[in-house]
Every structure is written in structure tokens, then in C-alpha cells.
Amino acid sequence: MAETKGVLSDDIRALIGVAAEKAEASLPWGVEREGLRIFTQAIMDPDPRYWDDAFARTTKFGGIVAPPIYCSYLDRKIAPGSDDPVTRAFQEDPECDGIGGVKESVDRPGALPPVPTELKRILNGGNEIEVYKYPRLGDRIFSQARYADIKARQTKDGSEMLVITTETTYTNQDDEVLCILRASIIRR
Amino acid sequence: MVTAEDLRNRTQTYYDDVEVGNEMPPLVIGPITPTHIFRWSAAIENWHRIHYDQSYAVYHEGLPNILAQGSWKQSILPRYLKDLCLPDGWAWKVSFQHRAMIVPGDTITVWAAATGKYEKEGLGFIDLDVGMRLQSDIETCPGKATIVLPIRGGRPVPYPFVAPAAK
């Protein structure tokens with residue numbers, strides 16, 4: 001992919017290094033058993049460290065833990081009593097793709113400012129995960145995101161795209177780092 | 001298929017046991033069904049229609065079928081690396097790209113091969129090539145990882161994990 005600057009405006013370039021406020025990613029009850037069950041079954045991981053209290057107490061974790069990557073999905077959950085962004089997105093656009101309109105309709109604390117681009121299509125370009133500690137049941141999880149890098153690229157067919165890399169650090173209520181996730185999103 | 005009992009009784013692999021070029025035991029998942037893909041979308045509340053609405057995926061987006069999620073893949077690889085390290089090693093970091101699509105009917109082999117090893121601060125670090133290979137041998141998710149294994153007779157891998165000081 002050749003580098004290009006056509007879609008990388010000054011406004012977009014100015015976002016590099018910009019950090020969002022630190023915000024609680026988990027719902028007020030923190031990491032809970034039922035959400036953990038659903039998550040680990042969806043990744044087909046039967047590890048008893050995630051559900052067997054007696055066994056988990058004998059491990060180095062000292063109790064039930066959650067996969068660190070679980071942190072990165074907590075802030076997708078819609079809090080009870082809040083506006084329903086799914087319904088709203090489809091009322092506004094019956095052809096909504098289910099992700100763009102839904103996300104934009106959610107004004108979340110801790111969200112990064114949007115990238116001002118007309119490039120609408122979103123693709124997952126790659127990920128990097130560093131793991132330091134596993135979340136435990138009851139932990140409250142916090143996240144802080146920043147734009148680590150934004151590059152313009154030209155594809156083989158000549159169209160331009162942006163490669164946007166965000167870095168999100170997840171911590172617990174004691175400010176211990178659990179994991180760091182870097183995600184590259186392609187906008188084209 | 002890995003069972004809870006396997007993971008409960010996993011025998012530690014030591015740094016000393018791994019040589020550069022070794023292939024680690026793979027994890028085979030599949031065939032993947034629309035239900036598996038939908039279960040993941042529901043679990044993480046990902047409402048992107050290409051993952052559960054076949055008409056939308058095929059006729060609106062021009063895809064061959066609904067697609068397994070990149071987020072699912074990014075959760076499977078750490079899970080696999082964790083299993084390799086149990087009970088007392090540490091799956092420290094992994095990076096990967098999303099290449100080929102995973103669609104219903106695919107069977108995936110999650111794999112790792114040692115490309116380097118070094119000792120630092122009394123711990124054993126193993127660099128790995130990793131990926132998720134389709135039944136057609138197409139690689140969907142090529143990447144790199146570093147796991148930390150105890151050295152026989154050496155100190156335990158710290159928990160929480162502390163990254164070694166940079167050179």
C-alpha cells in the first residue's frame with residue numbers, strides 16, 4: 001500500500017495523540033458471573049478458572065477471573081434505563097448497517113472524538129494486545145483511549161483509505177493495568 | 001476439543017522444553033455455524049448486520065455469507081495462548097492482522113510456532129508466529145506473539161505480570 005495524504009486532512013492529523021477521558025467501561029456492578037459465562041462460552045473456552053470457585057481459589061489468581069480481552073467489550077453494553085441506540089438507529093435509517101448509526105447515536109463518556117472523514121466503510125485492520133493482570137469477579141473496569149496513529153494509504157485499486165490506530169488501556173478500581181489493546185481500523 | 005478437565009490438569013510447559021522451530025499443539029475449532037457467529041454477536045452486543053443478517057451480508061454488502069467477527073478472532077488467539085501457558089506461564093502479548101474471511105462451514109486451526117527464545121530477568125520468553133488457518137490452508141489471521149514460561153529451577157513468572165525492563 002502506498003502512502004498518500006489526500007484523505008489525511010490537518011483536522012485528522014491533529015487527532016494523533018489525543019486522549020479521551022478515563023471512564024468506567026463496566027456497568028456499575030462490575031465484572032459479573034453471568035456475563036462472564038456468556039462470553040467464555042462464545043469463545044468456547046471451558047476453563048474452570050472462569051467458573052469453578054473452589055478450583056480458581058487454588059490457582060495463582062486466588063479466585064474466579066475473566067479473560068483480559070473481556071474488558072474491551074464491557075463498554076458496548078447498553079445500561080438499563082438508557083436510551084436504546086439500536087431502535088433509534090433503525091428508526092433514523094431502516095437500512096442502517098447495525099454498527100455505524102448505532103455507535104454514533106451513543107454519547108459515551110470516554111469516547112474519542114470522531115474522525116472527520118467522509119470515508120464510511122469500516123474494516124478491522126489488526127489488533128495488538130498486551131496482558132498484565134486478569135479481571136476478577138466484582139472488579140470495576142476503567143478504560144482510557146487515545147489515537148496512537150492515523151495514516152493515509154492508497155490501495156492497489158487506487159482508492160484512498162485511512163488506517164486509524166487507537167490504544168486503549170484498561171485498569172481496575174485499584175488503577176492496576178489489566179491489558180492494553182491497540183486496534184487498527186480501516187476507513188475507506 | 002479442549003475440556004475443562006484438560007485445563008484443570010494441564011501440565012506446565014517449561015522454557016527448556018521449547019526449541020526454535022517447534023510447533024505448539026494446535027486448537028481446532030469448527031465447523032463454524034451461523035449460530036456460533038450469532039452467539040458471539042449477542043455476547044458482546046455487536047449489532048453489525050454482516051454477522052447475522054444473511055440477506056444484508058450477501059445482497060447489500062456483496063459478501064459470500066455472514067462473517068465471523070474480527071473481535072471473535074481477537075478473543076480466540078489470546079485464549080489459545082493462555083492454554084499453552086497454563087498453569088503458571090503467561091501469554092504476554094499478541095498482534096495479528098485480519099486477512100481472509102471466516103464463514104459458516106469453515107473449520108479453523110489455531111496454531112503457533114516458536115521463532116525465537118531468550119532469557120531475561122530469570123524468565124523464559126518464547127516468540128511465536130501465530131495464526132488461524134482455514135481447512136483450505138488459507139491463513140485468516142497471521143500474527144506474532146510472545147509468551148513467558150518458567151525456567152526449570154528458576155523463579156516463578158510474576159503475577160500480575162511485570163514486563164522486563166527495555167534494553
# chains A, B, ... in the order shown; residues from 1 in each chain; ligands from 1
$ closest_atom_pairs --of "chain B" --to "chain A" --cutoff "7 Å" --atoms "only C-alpha atoms" --output "Markdown table"
| residue | atom | partner | partner_atom | distance |
| --- | --- | --- | --- | --- |
| B:Thr3 | CA | A:Pro46 | CA | 6.1 |
| B:Ala4 | CA | A:Pro46 | CA | 5.0 |
| B:Leu7 | CA | A:Asp47 | CA | 5.8 |
| B:Arg8 | CA | A:Pro48 | CA | 6.6 |
| B:Arg39 | CA | A:Ala42 | CA | 6.0 |
| B:Trp40 | CA | A:Ala42 | CA | 5.2 |
| B:Ala43 | CA | A:Phe39 | CA | 5.6 |
| B:Ile44 | CA | A:Tyr73 | CA | 5.8 |
| B:Glu45 | CA | A:Arg76 | CA | 6.3 |
| B:Trp47 | CA | A:Gly98 | CA | 5.0 |
| B:His48 | CA | A:Gly98 | CA | 4.3 |
| B:Arg49 | CA | A:Gly98 | CA | 5.5 |
| B:Gly70 | CA | A:Asn124 | CA | 6.6 |
| B:Ser75 | CA | A:Ile69 | CA | 6.4 |
| B:Ile76 | CA | A:Ile43 | CA | 6.2 |
| B:Trp92 | CA | A:Val131 | CA | 5.2 |
| B:Lys93 | CA | A:Glu130 | CA | 4.3 |
| B:Val94 | CA | A:Ile129 | CA | 5.4 |
| B:Ser95 | CA | A:Glu128 | CA | 3.9 |
| B:Phe96 | CA | A:Gly126 | CA | 5.5 |
| B:Gln97 | CA | A:Gly126 | CA | 4.0 |
| B:His98 | CA | A:Gly126 | CA | 5.6 |
| B:Pro160 | CA | A:Lys133 | CA | 5.0 |
| B:Phe161 | CA | A:Tyr132 | CA | 4.8 |
| B:Val162 | CA | A:Tyr132 | CA | 6.9 |
$ closest_residue --among "B:Val20, B:Tyr59, B:Ser41, B:Pro25" --to "Ser71 of chain B" --atoms "only C-alpha atoms"
B:Ser41
$ atom_distance --atom1 "atom CA of Leu162 of chain A" --atom2 "atom CA of Ala42 of chain B"
28.8 Å
$ select_by_dssp --residues "segment 16-151 of chain A" --states "alpha helix (DSSP H)" --output "VMD selection string"
chain A and resid 33 to 42 53 to 57 71 to 74 85 to 92 100 to 104
